[in-house]
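Listing of model.pdb; format and content: PDB, C-alpha atoms (C1' of nucleotides).
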```
MODEL        1
ATOM      1  CA  MET B1133     180.846 -73.746  93.867
ATOM      2  CA  ALA B1134     180.163 -75.781  96.975
ATOM      3  CA  VAL B1135     179.332 -73.727 100.007
ATOM      4  CA  SER B1136     180.676 -75.128 103.227
ATOM      5  CA  SER B1137     180.035 -73.947 106.737
ATOM      6  CA  LEU B1138     183.689 -73.334 107.388
ATOM      7  CA  HIS B1139     185.051 -70.218 109.012
ATOM      8  CA  VAL B1140     181.668 -68.700 109.783
ATOM      9  CA  THR B1141     183.109 -66.538 112.488
ATOM     10  CA  LYS B1142     180.643 -63.863 111.502
ATOM     11  CA  PRO B1143     177.186 -64.029 109.953
ATOM     12  CA  THR B1144     176.883 -62.314 106.600
ATOM     13  CA  PRO B1145     176.697 -58.586 107.218
ATOM     14  CA  VAL B1146     173.460 -57.569 105.492
ATOM     15  CA  HIS B1147     173.927 -54.023 106.654
ATOM     16  CA  SER B1148     177.544 -53.233 106.103
ATOM     17  CA  ALA B1149     178.925 -49.868 106.996
ATOM     18  CA  GLU B1150     179.601 -49.650 103.284
ATOM     19  CA  SER B1151     175.955 -49.740 102.235
ATOM     20  CA  CYS B1152     175.057 -47.147 104.853
ATOM     21  CA  ARG B1153     177.449 -44.503 103.595
ATOM     22  CA  PRO B1154     174.840 -42.826 101.365
ATOM     23  CA  VAL B1155     172.523 -42.550 104.346
ATOM     24  CA  THR B1156     175.278 -41.002 106.382
ATOM     25  CA  GLU B1157     176.015 -38.579 103.568
ATOM     26  CA  ILE B1158     172.407 -37.487 103.269
ATOM     27  CA  LEU B1159     172.133 -37.149 107.012
ATOM     28  CA  ALA B1160     175.172 -34.929 106.963
ATOM     29  CA  ARG B1161     173.350 -32.687 104.498
ATOM     30  CA  ILE B1162     169.832 -32.558 105.923
ATOM     31  CA  GLY B1163     170.725 -33.452 109.485
ATOM     32  CA  ASP B1164     171.779 -29.927 110.307
ATOM     33  CA  LYS B1165     169.719 -27.546 112.356
ATOM     34  CA  TRP B1166     167.643 -25.882 109.622
ATOM     35  CA  SER B1167     167.662 -27.692 106.257
ATOM     36  CA  VAL B1168     164.633 -29.884 106.824
ATOM     37  CA  LEU B1169     162.696 -26.973 108.249
ATOM     38  CA  VAL B1170     163.436 -24.885 105.167
ATOM     39  CA  VAL B1171     162.416 -27.716 102.840
ATOM     40  CA  MET B1172     159.164 -28.141 104.746
ATOM     41  CA  MET B1173     158.449 -24.421 104.570
ATOM     42  CA  LEU B1174     158.908 -24.558 100.796
ATOM     43  CA  SER B1175     156.540 -27.514 100.468
ATOM     44  CA  GLU B1176     153.535 -25.411  99.530
ATOM     45  CA  GLY B1177     155.253 -23.278  96.963
ATOM     46  CA  PRO B1178     157.854 -20.577  96.362
ATOM     47  CA  ARG B1179     158.748 -18.276  99.213
ATOM     48  CA  ARG B1180     160.707 -15.075  99.478
ATOM     49  CA  PHE B1181     163.772 -14.826 101.655
ATOM     50  CA  SER B1182     162.061 -12.619 104.208
ATOM     51  CA  GLU B1183     159.007 -14.882 104.268
ATOM     52  CA  LEU B1184     161.152 -17.866 105.178
ATOM     53  CA  ARG B1185     162.912 -15.745 107.757
ATOM     54  CA  ARG B1186     159.596 -14.970 109.424
ATOM     55  CA  MET B1187     158.208 -18.495 109.072
ATOM     56  CA  ILE B1188     161.169 -20.184 110.691
ATOM     57  CA  ASP B1189     161.293 -18.901 114.191
ATOM     58  CA  GLY B1190     164.742 -18.389 115.599
ATOM     59  CA  ILE B1191     166.775 -18.723 112.421
ATOM     60  CA  SER B1192     169.405 -16.062 111.876
ATOM     61  CA  GLN B1193     169.838 -14.322 108.562
ATOM     62  CA  ARG B1194     173.246 -15.865 108.200
ATOM     63  CA  MET B1195     172.039 -19.421 108.703
ATOM     64  CA  LEU B1196     169.069 -18.993 106.379
ATOM     65  CA  THR B1197     171.436 -17.801 103.664
ATOM     66  CA  LEU B1198     173.911 -20.604 104.280
ATOM     67  CA  THR B1199     171.181 -23.244 104.434
ATOM     68  CA  LEU B1200     169.575 -22.053 101.201
ATOM     69  CA  ARG B1201     172.978 -21.988  99.489
ATOM     70  CA  GLY B1202     173.631 -25.550 100.564
ATOM     71  CA  LEU B1203     170.250 -26.740  99.358
ATOM     72  CA  GLU B1204     170.707 -24.884  96.096
ATOM     73  CA  ARG B1205     174.137 -26.378  95.624
ATOM     74  CA  ASP B1206     172.751 -29.880  95.963
ATOM     75  CA  GLY B1207     169.933 -29.193  93.519
ATOM     76  CA  LEU B1208     167.121 -29.222  96.068
ATOM     77  CA  VAL B1209     165.985 -25.614  95.645
ATOM     78  CA  THR B1210     166.188 -22.972  92.945
ATOM     79  CA  ARG B1211     166.977 -19.328  93.516
ATOM     80  CA  THR B1212     165.254 -16.697  91.409
ATOM     81  CA  VAL B1213     166.358 -13.077  91.594
ATOM     82  CA  THR B1214     164.037 -10.282  90.544
ATOM     83  CA  PRO B1215     166.215  -7.171  90.120
ATOM     84  CA  SER B1216     163.595  -4.726  91.321
ATOM     85  CA  ILE B1217     163.951  -1.998  93.929
ATOM     86  CA  PRO B1218     163.967  -3.275  96.539
ATOM     87  CA  PRO B1219     165.357  -6.556  95.186
ATOM     88  CA  ARG B1220     163.285  -9.701  95.507
ATOM     89  CA  VAL B1221     164.542 -13.269  95.696
ATOM     90  CA  ASP B1222     162.298 -16.325  95.554
ATOM     91  CA  TYR B1223     163.220 -19.848  96.502
ATOM     92  CA  GLU B1224     161.398 -22.930  95.276
ATOM     93  CA  LEU B1225     161.807 -26.673  95.625
ATOM     94  CA  THR B1226     163.094 -28.542  92.601
ATOM     95  CA  THR B1227     161.690 -31.918  91.598
ATOM     96  CA  LEU B1228     164.506 -33.469  93.586
ATOM     97  CA  GLY B1229     163.655 -31.296  96.555
ATOM     98  CA  ARG B1230     159.996 -32.227  96.396
ATOM     99  CA  SER B1231     160.868 -35.917  96.260
ATOM    100  CA  LEU B1232     162.739 -35.519  99.512
ATOM    101  CA  ARG B1233     159.530 -34.587 101.286
ATOM    102  CA  GLU B1234     158.289 -38.169 101.215
ATOM    103  CA  PRO B1235     161.021 -39.881 103.242
ATOM    104  CA  VAL B1236     161.234 -36.861 105.509
ATOM    105  CA  THR B1237     157.493 -36.981 106.059
ATOM    106  CA  ALA B1238     157.823 -40.680 106.890
ATOM    107  CA  LEU B1239     160.423 -39.768 109.469
ATOM    108  CA  GLY B1240     158.094 -37.053 110.711
ATOM    109  CA  ARG B1241     155.283 -39.516 111.210
ATOM    110  CA  TRP B1242     157.595 -41.798 113.143
ATOM    111  CA  ALA B1243     158.697 -38.833 115.217
ATOM    112  CA  ILE B1244     155.159 -37.810 116.073
ATOM    113  CA  ASP B1245     154.079 -41.372 116.821
ATOM    114  CA  ASN B1246     157.047 -42.261 118.985
ATOM    115  CA  ARG B1247     158.020 -39.032 120.623
ATOM    116  CA  PRO B1248     155.982 -39.800 123.744
ATOM    117  CA  ALA B1249     157.734 -43.166 124.127
ATOM    118  CA  MET B1250     161.120 -41.547 123.673
ATOM    119  CA  LEU B1251     160.429 -38.801 126.166
ATOM    120  CA  LYS B1252     159.144 -41.363 128.651
ATOM    121  CA  ALA B1253     162.240 -43.518 128.221
ATOM    122  CA  ARG B1254     164.443 -40.476 128.582
ATOM    123  CA  ALA B1255     162.711 -39.402 131.781
ATOM    124  CA  ALA B1256     162.993 -42.918 133.209
ATOM    125  CA  TYR B1257     166.680 -43.103 132.318
ATOM    126  CA  ASP B1258     167.418 -39.739 133.868
ATOM    127  CA  ALA B1259     165.469 -40.638 136.994
ATOM    128  CA  ALA B1260     167.459 -43.865 137.343
ATOM    129  CA  GLN B1261     170.675 -41.882 137.096
ATOM    130  CA  ASP B1262     169.631 -39.545 139.885
ATOM    131  CA  GLY B1263     168.407 -42.425 141.983
ATOM    132  CA  ASP B1264     171.748 -44.228 142.020
TER     133      ASP B1264
ATOM    134  CA  MET E1070     129.939 -18.731 111.788
ATOM    135  CA  ALA E1071     130.192 -17.323 108.303
ATOM    136  CA  VAL E1072     133.626 -17.601 106.793
ATOM    137  CA  SER E1073     134.605 -14.546 104.800
ATOM    138  CA  SER E1074     137.605 -14.083 102.585
ATOM    139  CA  LEU E1075     138.833 -11.137 104.597
ATOM    140  CA  HIS E1076     142.425 -10.631 105.690
ATOM    141  CA  VAL E1077     143.798 -13.569 103.739
ATOM    142  CA  THR E1078     147.247 -12.072 103.700
ATOM    143  CA  LYS E1079     148.682 -15.547 103.899
ATOM    144  CA  PRO E1080     147.422 -18.947 102.774
ATOM    145  CA  THR E1081     146.843 -21.446 105.541
ATOM    146  CA  PRO E1082     150.219 -22.797 106.619
ATOM    147  CA  VAL E1083     149.821 -26.552 106.269
ATOM    148  CA  HIS E1084     153.386 -27.068 107.360
ATOM    149  CA  SER E1085     153.911 -24.733 110.239
ATOM    150  CA  ALA E1086     157.230 -24.601 112.000
ATOM    151  CA  GLU E1087     155.207 -25.801 114.953
ATOM    152  CA  SER E1088     154.243 -29.142 113.398
ATOM    153  CA  CYS E1089     157.831 -29.738 112.301
ATOM    154  CA  ARG E1090     159.328 -29.484 115.742
ATOM    155  CA  PRO E1091     159.134 -33.271 116.355
ATOM    156  CA  VAL E1092     161.033 -33.856 113.124
ATOM    157  CA  THR E1093     163.654 -31.382 114.177
ATOM    158  CA  GLU E1094     163.914 -33.073 117.553
ATOM    159  CA  ILE E1095     164.383 -36.512 116.042
ATOM    160  CA  LEU E1096     166.909 -35.153 113.597
ATOM    161  CA  ALA E1097     168.809 -33.659 116.502
ATOM    162  CA  ARG E1098     168.986 -37.143 118.005
ATOM    163  CA  ILE E1099     169.754 -39.335 115.002
ATOM    164  CA  GLY E1100     171.278 -36.632 112.830
ATOM    165  CA  ASP E1101     174.621 -36.882 114.558
ATOM    166  CA  LYS E1102     177.619 -38.567 113.039
ATOM    167  CA  TRP E1103     177.142 -42.130 114.298
ATOM    168  CA  SER E1104     173.669 -42.898 115.685
ATOM    169  CA  VAL E1105     172.080 -44.151 112.485
ATOM    170  CA  LEU E1106     175.124 -46.251 111.703
ATOM    171  CA  VAL E1107     174.951 -47.904 115.123
ATOM    172  CA  VAL E1108     171.231 -48.591 114.751
ATOM    173  CA  MET E1109     171.840 -50.165 111.346
ATOM    174  CA  MET E1110     174.630 -52.342 112.724
ATOM    175  CA  LEU E1111     172.257 -53.601 115.413
ATOM    176  CA  SER E1112     169.560 -54.419 112.846
ATOM    177  CA  GLU E1113     170.439 -58.086 112.629
ATOM    178  CA  GLY E1114     170.673 -58.751 116.322
ATOM    179  CA  PRO E1115     172.614 -58.056 119.520
ATOM    180  CA  ARG E1116     176.220 -56.996 119.207
ATOM    181  CA  ARG E1117     179.036 -56.637 121.684
ATOM    182  CA  PHE E1118     180.777 -53.326 122.233
ATOM    183  CA  SER E1119     183.951 -54.452 120.536
ATOM    184  CA  GLU E1120     181.999 -55.952 117.641
ATOM    185  CA  LEU E1121     180.347 -52.611 116.960
ATOM    186  CA  ARG E1122     183.703 -50.921 117.266
ATOM    187  CA  ARG E1123     185.108 -53.136 114.545
ATOM    188  CA  MET E1124     182.018 -52.966 112.330
ATOM    189  CA  ILE E1125     181.869 -49.188 112.275
ATOM    190  CA  ASP E1126     185.007 -48.036 110.623
ATOM    191  CA  GLY E1127     186.513 -44.896 112.031
ATOM    192  CA  ILE E1128     184.446 -44.562 115.180
ATOM    193  CA  SER E1129     186.397 -43.815 118.333
ATOM    194  CA  GLN E1130     185.775 -45.672 121.568
ATOM    195  CA  ARG E1131     184.595 -42.486 123.161
ATOM    196  CA  MET E1132     182.000 -41.732 120.479
ATOM    197  CA  LEU E1133     180.705 -45.304 120.414
ATOM    198  CA  THR E1134     180.151 -45.116 124.152
ATOM    199  CA  LEU E1135     178.484 -41.720 123.954
ATOM    200  CA  THR E1136     176.307 -42.743 121.012
ATOM    201  CA  LEU E1137     175.167 -45.941 122.708
ATOM    202  CA  ARG E1138     174.417 -44.033 125.914
ATOM    203  CA  GLY E1139     172.288 -41.586 123.987
ATOM    204  CA  LEU E1140     170.387 -44.317 122.190
ATOM    205  CA  GLU E1141     169.896 -46.176 125.451
ATOM    206  CA  ARG E1142     168.643 -43.045 127.140
ATOM    207  CA  ASP E1143     165.984 -42.573 124.498
ATOM    208  CA  GLY E1144     164.855 -46.177 124.704
ATOM    209  CA  LEU E1145     166.207 -47.260 121.316
ATOM    210  CA  VAL E1146     168.731 -49.834 122.558
ATOM    211  CA  THR E1147     169.179 -51.959 125.658
ATOM    212  CA  ARG E1148     172.465 -52.554 127.420
ATOM    213  CA  THR E1149     173.139 -55.948 128.968
ATOM    214  CA  VAL E1150     176.162 -56.481 131.174
ATOM    215  CA  THR E1151     177.590 -59.955 131.763
ATOM    216  CA  PRO E1152     179.949 -59.653 134.737
ATOM    217  CA  SER E1153     182.445 -62.232 133.509
ATOM    218  CA  ILE E1154     186.183 -61.900 133.194
ATOM    219  CA  PRO E1155     186.774 -60.210 130.910
ATOM    220  CA  PRO E1156     183.487 -58.319 131.141
ATOM    221  CA  ARG E1157     181.017 -58.580 128.295
ATOM    222  CA  VAL E1158     178.400 -56.015 127.291
ATOM    223  CA  ASP E1159     175.752 -56.620 124.662
ATOM    224  CA  TYR E1160     173.627 -54.004 122.967
ATOM    225  CA  GLU E1161     170.332 -54.744 121.270
ATOM    226  CA  LEU E1162     167.620 -52.746 119.561
ATOM    227  CA  THR E1163     164.379 -52.301 121.468
ATOM    228  CA  THR E1164     161.011 -52.514 119.729
ATOM    229  CA  LEU E1165     161.174 -48.753 119.433
ATOM    230  CA  GLY E1166     164.649 -48.963 117.970
ATOM    231  CA  ARG E1167     163.590 -51.566 115.425
ATOM    232  CA  SER E1168     160.633 -49.431 114.368
ATOM    233  CA  LEU E1169     163.050 -46.640 113.549
ATOM    234  CA  ARG E1170     164.666 -48.762 110.871
ATOM    235  CA  GLU E1171     161.697 -48.318 108.526
ATOM    236  CA  PRO E1172     161.737 -44.541 108.098
ATOM    237  CA  VAL E1173     165.527 -44.568 108.120
ATOM    238  CA  THR E1174     165.543 -47.224 105.419
ATOM    239  CA  ALA E1175     163.126 -45.092 103.397
ATOM    240  CA  LEU E1176     165.572 -42.241 103.709
ATOM    241  CA  GLY E1177     168.354 -44.619 102.728
ATOM    242  CA  ARG E1178     166.526 -45.625  99.571
ATOM    243  CA  TRP E1179     166.021 -41.991  98.672
ATOM    244  CA  ALA E1180     169.682 -41.367  99.339
ATOM    245  CA  ILE E1181     170.797 -44.192  97.071
ATOM    246  CA  ASP E1182     168.340 -43.272  94.331
ATOM    247  CA  ASN E1183     169.136 -39.581  94.318
ATOM    248  CA  ARG E1184     172.758 -39.392  95.264
ATOM    249  CA  PRO E1185     173.873 -39.262  91.639
ATOM    250  CA  ALA E1186     171.536 -36.331  90.934
ATOM    251  CA  MET E1187     172.762 -34.525  94.013
ATOM    252  CA  LEU E1188     176.418 -35.052  93.172
ATOM    253  CA  LYS E1189     175.776 -33.892  89.632
ATOM    254  CA  ALA E1190     173.991 -30.762  90.827
ATOM    255  CA  ARG E1191     176.779 -30.100  93.278
ATOM    256  CA  ALA E1192     179.455 -30.445  90.613
ATOM    257  CA  ALA E1193     177.521 -28.136  88.269
ATOM    258  CA  TYR E1194     177.081 -25.558  91.019
ATOM    259  CA  ASP E1195     180.738 -25.644  91.949
ATOM    260  CA  ALA E1196     181.785 -25.406  88.310
ATOM    261  CA  ALA E1197     179.545 -22.358  87.868
ATOM    262  CA  GLN E1198     181.217 -20.723  90.855
ATOM    263  CA  ASP E1199     184.686 -21.252  89.442
ATOM    264  CA  GLY E1200     183.567 -20.070  86.030
ATOM    265  CA  ASP E1201     182.351 -16.672  87.208
TER     266      ASP E1201
ATOM    267  C1'  DC G 141     165.233  -6.439 100.852
ATOM    268  C1'  DT G 142     168.899  -9.519 100.378
ATOM    269  C1'  DG G 143     173.410 -10.830 101.287
ATOM    270  C1'  DC G 144     178.340 -10.844 102.706
ATOM    271  C1'  DA G 145     182.116 -10.308 106.161
ATOM    272  C1'  DT G 146     183.710 -10.369 110.703
ATOM    273  C1'  DC G 147     184.034 -11.797 115.296
ATOM    274  C1'  DC G 148     183.141 -14.796 118.959
ATOM    275  C1'  DT G 149     181.249 -18.731 121.546
ATOM    276  C1'  DC G 150     179.980 -23.375 122.258
ATOM    277  C1'  DC G 151     179.625 -28.003 121.105
ATOM    278  C1'  DT G 152     181.086 -32.063 118.617
ATOM    279  C1'  DG G 153     184.243 -35.303 118.159
ATOM    280  C1'  DG G 154     189.157 -37.216 117.873
ATOM    281  C1'  DA G 155     193.586 -38.740 120.443
ATOM    282  C1'  DT G 156     195.432 -40.392 124.397
ATOM    283  C1'  DA G 157     196.077 -42.320 128.889
ATOM    284  C1'  DC G 158     194.265 -44.473 132.800
ATOM    285  C1'  DT G 159     190.688 -47.693 135.757
ATOM    286  C1'  DG G 160     187.925 -52.108 136.886
TER     287       DG G 160
ATOM    288  C1'  DC P 970     187.001 -55.928 127.237
ATOM    289  C1'  DA P 971     184.436 -51.986 128.488
ATOM    290  C1'  DG P 972     184.471 -47.519 130.199
ATOM    291  C1'  DT P 973     186.001 -42.928 131.989
ATOM    292  C1'  DA P 974     188.664 -38.612 132.104
ATOM    293  C1'  DT P 975     191.297 -35.074 130.000
ATOM    294  C1'  DC P 976     192.946 -32.239 126.488
ATOM    295  C1'  DC P 977     192.483 -30.113 122.135
ATOM    296  C1'  DA P 978     191.264 -28.675 117.197
ATOM    297  C1'  DG P 979     187.622 -27.606 114.061
ATOM    298  C1'  DG P 980     183.153 -26.507 112.718
ATOM    299  C1'  DA P 981     178.373 -24.827 113.594
ATOM    300  C1'  DG P 982     175.960 -21.152 114.451
ATOM    301  C1'  DG P 983     174.570 -16.454 116.704
ATOM    302  C1'  DA P 984     175.269 -11.145 116.765
ATOM    303  C1'  DT P 985     176.509  -7.232 114.513
ATOM    304  C1'  DG P 986     177.819  -4.037 110.907
ATOM    305  C1'  DC P 987     178.222  -2.874 106.114
ATOM    306  C1'  DA P 988     177.052  -3.096 100.887
ATOM    307  C1'  DG P 989     174.245  -3.328  96.614
TER     308       DG P 989
ENDMDL
END
```
File written out as structure tokens:
Amino acid sequence: MAVSSLHVTKPTPVHSAESCRPVTEILARIGDKWSVLVVMMLSEGPRRFSELRRMIDGISQRMLTLTLRGLERDGLVTRTVTPSIPPRVDYELTTLGRSLREPVTALGRWAIDNRPAMLKARAAYDAAQDGD
Amino acid sequence: MAVSSLHVTKPTPVHSAESCRPVTEILARIGDKWSVLVVMMLSEGPRRFSELRRMIDGISQRMLTLTLRGLERDGLVTRTVTPSIPPRVDYELTTLGRSLREPVTALGRWAIDNRPAMLKARAAYDAAQDGD
DNA sequence: CTGCATCCTCCTGGATACTG
DNA sequence: CAGTATCCAGGAGGATGCAG
């Protein structure tokens, strides 16, 4: 099929909104306030509910529960109940959950490397707004 | 100083909540509903406001404006006004903005690779809930 | 200790109408 | 075309109290 240069009103969209939907989906899952933090806290091994609660400063019991449920639902963590008295519940990353650490760590490196630049830009922008 | 094995109540926290704060910050910025999508749309070059509006299906004018303002504030995009009639405004990724594409793309690859597993886990979880 | 239910507040984001 | 202003619904998330 001969390819002409006709009706090239737009260049070929390499990054269509279509192909970015999975990214958006994942961001909707891990982009919340606590999910990534919980995954990072579970990086080194299983943790009890109360351990996570103490490790993650500022998280409410409700949100820790909800976050863990969400991660469990999507197969990122497992929940193990030990019916002792008092009861004990351990959470652990699944293989899928552990694999998520890599891209998140990459994002973390970017964040650490570029945070100064972002803060500087933000300060400059805000200063320009005041200056007007 | 001699290092004893005393009071080792907890193993050394490699991933403290402290070290994850930058990640959380970045996620708070790009974890919203549209930012990543806008950055991806600007990957190939400058785009006009109305172009972006058409490319990103479902975004409202208000949110596109707010998202672009936020990205501009943090030094990820530049805003160029051409005072013609009608007015024309172009947005383009900065060097910082372009550098963000790499970790985001890594996340995108993970998303594409693991979305099936996540959906499967989710379906299994939901089925288990109904079954109880 | 772990978890659920309730209530309440704030922010995000959509719809719409109006300016330059 | 680009942007702002206003109004409004829905969800995220915190505080508290109760249950197993």
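Residues from chain G found within 12 Å of chain E are G:DT152, G:DG153, G:DG154, G:DA155, G:DT156, G:DG160, counting all atoms listed in the file.
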Picked residues, the PyMOL selection byres ((chain E) within 9 of (chain B)), expected as a PDB file with C-alpha atoms, in the frame of the given file:
```pdb
ATOM      1  CA  PRO E1082     150.219 -22.797 106.619  1.00  0.00           C
ATOM      2  CA  VAL E1083     149.821 -26.552 106.269  1.00  0.00           C
ATOM      3  CA  HIS E1084     153.386 -27.068 107.360  1.00  0.00           C
ATOM      4  CA  SER E1085     153.911 -24.733 110.239  1.00  0.00           C
ATOM      5  CA  ALA E1086     157.230 -24.601 112.000  1.00  0.00           C
ATOM      6  CA  CYS E1089     157.831 -29.738 112.301  1.00  0.00           C
ATOM      7  CA  ARG E1090     159.328 -29.484 115.742  1.00  0.00           C
ATOM      8  CA  PRO E1091     159.134 -33.271 116.355  1.00  0.00           C
ATOM      9  CA  VAL E1092     161.033 -33.856 113.124  1.00  0.00           C
ATOM     10  CA  THR E1093     163.654 -31.382 114.177  1.00  0.00           C
ATOM     11  CA  GLU E1094     163.914 -33.073 117.553  1.00  0.00           C
ATOM     12  CA  ILE E1095     164.383 -36.512 116.042  1.00  0.00           C
ATOM     13  CA  LEU E1096     166.909 -35.153 113.597  1.00  0.00           C
ATOM     14  CA  ALA E1097     168.809 -33.659 116.502  1.00  0.00           C
ATOM     15  CA  ILE E1099     169.754 -39.335 115.002  1.00  0.00           C
ATOM     16  CA  GLY E1100     171.278 -36.632 112.830  1.00  0.00           C
ATOM     17  CA  ASP E1101     174.621 -36.882 114.558  1.00  0.00           C
ATOM     18  CA  LYS E1102     177.619 -38.567 113.039  1.00  0.00           C
ATOM     19  CA  TRP E1103     177.142 -42.130 114.298  1.00  0.00           C
ATOM     20  CA  VAL E1105     172.080 -44.151 112.485  1.00  0.00           C
ATOM     21  CA  LEU E1106     175.124 -46.251 111.703  1.00  0.00           C
ATOM     22  CA  MET E1109     171.840 -50.165 111.346  1.00  0.00           C
ATOM     23  CA  MET E1110     174.630 -52.342 112.724  1.00  0.00           C
ATOM     24  CA  LEU E1111     172.257 -53.601 115.413  1.00  0.00           C
ATOM     25  CA  SER E1112     169.560 -54.419 112.846  1.00  0.00           C
ATOM     26  CA  GLU E1113     170.439 -58.086 112.629  1.00  0.00           C
ATOM     27  CA  MET E1124     182.018 -52.966 112.330  1.00  0.00           C
ATOM     28  CA  ILE E1125     181.869 -49.188 112.275  1.00  0.00           C
ATOM     29  CA  ASP E1126     185.007 -48.036 110.623  1.00  0.00           C
ATOM     30  CA  GLU E1141     169.896 -46.176 125.451  1.00  0.00           C
ATOM     31  CA  ARG E1142     168.643 -43.045 127.140  1.00  0.00           C
ATOM     32  CA  ASP E1143     165.984 -42.573 124.498  1.00  0.00           C
ATOM     33  CA  GLY E1144     164.855 -46.177 124.704  1.00  0.00           C
ATOM     34  CA  LEU E1145     166.207 -47.260 121.316  1.00  0.00           C
ATOM     35  CA  LEU E1165     161.174 -48.753 119.433  1.00  0.00           C
ATOM     36  CA  SER E1168     160.633 -49.431 114.368  1.00  0.00           C
ATOM     37  CA  LEU E1169     163.050 -46.640 113.549  1.00  0.00           C
ATOM     38  CA  GLU E1171     161.697 -48.318 108.526  1.00  0.00           C
ATOM     39  CA  PRO E1172     161.737 -44.541 108.098  1.00  0.00           C
ATOM     40  CA  VAL E1173     165.527 -44.568 108.120  1.00  0.00           C
ATOM     41  CA  THR E1174     165.543 -47.224 105.419  1.00  0.00           C
ATOM     42  CA  ALA E1175     163.126 -45.092 103.397  1.00  0.00           C
ATOM     43  CA  LEU E1176     165.572 -42.241 103.709  1.00  0.00           C
ATOM     44  CA  GLY E1177     168.354 -44.619 102.728  1.00  0.00           C
ATOM     45  CA  ARG E1178     166.526 -45.625  99.571  1.00  0.00           C
ATOM     46  CA  TRP E1179     166.021 -41.991  98.672  1.00  0.00           C
ATOM     47  CA  ALA E1180     169.682 -41.367  99.339  1.00  0.00           C
ATOM     48  CA  ILE E1181     170.797 -44.192  97.071  1.00  0.00           C
ATOM     49  CA  ASN E1183     169.136 -39.581  94.318  1.00  0.00           C
ATOM     50  CA  ARG E1184     172.758 -39.392  95.264  1.00  0.00           C
ATOM     51  CA  ALA E1186     171.536 -36.331  90.934  1.00  0.00           C
ATOM     52  CA  MET E1187     172.762 -34.525  94.013  1.00  0.00           C
ATOM     53  CA  LEU E1188     176.418 -35.052  93.172  1.00  0.00           C
ATOM     54  CA  LYS E1189     175.776 -33.892  89.632  1.00  0.00           C
ATOM     55  CA  ALA E1190     173.991 -30.762  90.827  1.00  0.00           C
ATOM     56  CA  ARG E1191     176.779 -30.100  93.278  1.00  0.00           C
ATOM     57  CA  ALA E1192     179.455 -30.445  90.613  1.00  0.00           C
ATOM     58  CA  ALA E1193     177.521 -28.136  88.269  1.00  0.00           C
ATOM     59  CA  TYR E1194     177.081 -25.558  91.019  1.00  0.00           C
ATOM     60  CA  ASP E1195     180.738 -25.644  91.949  1.00  0.00           C
TER      61      ASP E1195
END
```
Taking all atoms listed in the file into account, report as number ranges by chain which residues of chain E lie within 8 Å of chain P. E: 1118-1119, 1134, 1155-1158
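The space between atom CA of Val1146 of chain E and atom C1' of DT159 of chain G spans 25.7 Å.
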I'd like the residues picked by the PyMOL selection byres ((chain E and resi 1159) around 8) written out as JSON, numbers by chain, using the chain letters and numbers from the file. {"E": [1115, 1116, 1117, 1118, 1148, 1149, 1150, 1157, 1158, 1160, 1161]}
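Separating atom CA of Leu1225 of chain B from atom C1' of DG143 of chain G is a distance of 20.4 Å.
The gap separating atom CA of Asp1199 of chain E from atom CA of Leu1184 of chain B is 28.5 Å, in Å to one decimal.
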Take every atom of segment 1155-1167 of chain E listed in the file, pad by 8 Å on each side, and give me the axis-aligned box centre and edge lengths in Å, one decimal, as AutoDock Vina command-line options.
```
--center_x 173.9 --center_y -54.5 --center_z 123.3 --size_x 41.8 --size_y 27.5 --size_z 31.7
```
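Proximity to Thr1147 of chain E was assessed for E:Thr1163, E:Gln1198, E:Pro1185, E:Arg1122 counting all atoms listed in the file; the smallest distance is recorded for E:Thr1163.
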Kindly reconstruct segment 1100-1109 of chain E with N, CA and C atoms and present the result as a PDB file, keeping the file's coordinate frame.
```pdb
ATOM      1  N   GLY E1100     170.565 -37.341 113.875  1.00  0.00           N
ATOM      2  CA  GLY E1100     171.278 -36.632 112.830  1.00  0.00           C
ATOM      3  C   GLY E1100     172.753 -36.486 113.115  1.00  0.00           C
ATOM      4  N   ASP E1101     173.206 -37.005 114.250  1.00  0.00           N
ATOM      5  CA  ASP E1101     174.621 -36.882 114.558  1.00  0.00           C
ATOM      6  C   ASP E1101     175.436 -37.846 113.705  1.00  0.00           C
ATOM      7  N   LYS E1102     176.716 -37.881 113.953  1.00  0.00           N
ATOM      8  CA  LYS E1102     177.619 -38.567 113.039  1.00  0.00           C
ATOM      9  C   LYS E1102     177.493 -40.097 113.063  1.00  0.00           C
ATOM     10  N   TRP E1103     177.056 -40.678 114.175  1.00  0.00           N
ATOM     11  CA  TRP E1103     177.142 -42.130 114.298  1.00  0.00           C
ATOM     12  C   TRP E1103     175.851 -42.875 114.624  1.00  0.00           C
ATOM     13  N   SER E1104     174.863 -42.213 115.169  1.00  0.00           N
ATOM     14  CA  SER E1104     173.669 -42.898 115.685  1.00  0.00           C
ATOM     15  C   SER E1104     173.009 -43.832 114.676  1.00  0.00           C
ATOM     16  N   VAL E1105     172.747 -43.325 113.489  1.00  0.00           N
ATOM     17  CA  VAL E1105     172.080 -44.151 112.485  1.00  0.00           C
ATOM     18  C   VAL E1105     172.922 -45.370 112.134  1.00  0.00           C
ATOM     19  N   LEU E1106     174.223 -45.161 112.033  1.00  0.00           N
ATOM     20  CA  LEU E1106     175.124 -46.251 111.703  1.00  0.00           C
ATOM     21  C   LEU E1106     175.049 -47.343 112.775  1.00  0.00           C
ATOM     22  N   VAL E1107     175.042 -46.941 114.027  1.00  0.00           N
ATOM     23  CA  VAL E1107     174.951 -47.904 115.123  1.00  0.00           C
ATOM     24  C   VAL E1107     173.631 -48.665 115.063  1.00  0.00           C
ATOM     25  N   VAL E1108     172.548 -47.940 114.836  1.00  0.00           N
ATOM     26  CA  VAL E1108     171.231 -48.591 114.751  1.00  0.00           C
ATOM     27  C   VAL E1108     171.223 -49.614 113.621  1.00  0.00           C
ATOM     28  N   MET E1109     171.802 -49.240 112.467  1.00  0.00           N
ATOM     29  CA  MET E1109     171.840 -50.165 111.346  1.00  0.00           C
ATOM     30  C   MET E1109     172.660 -51.404 111.676  1.00  0.00           C
TER      31      MET E1109
END
```
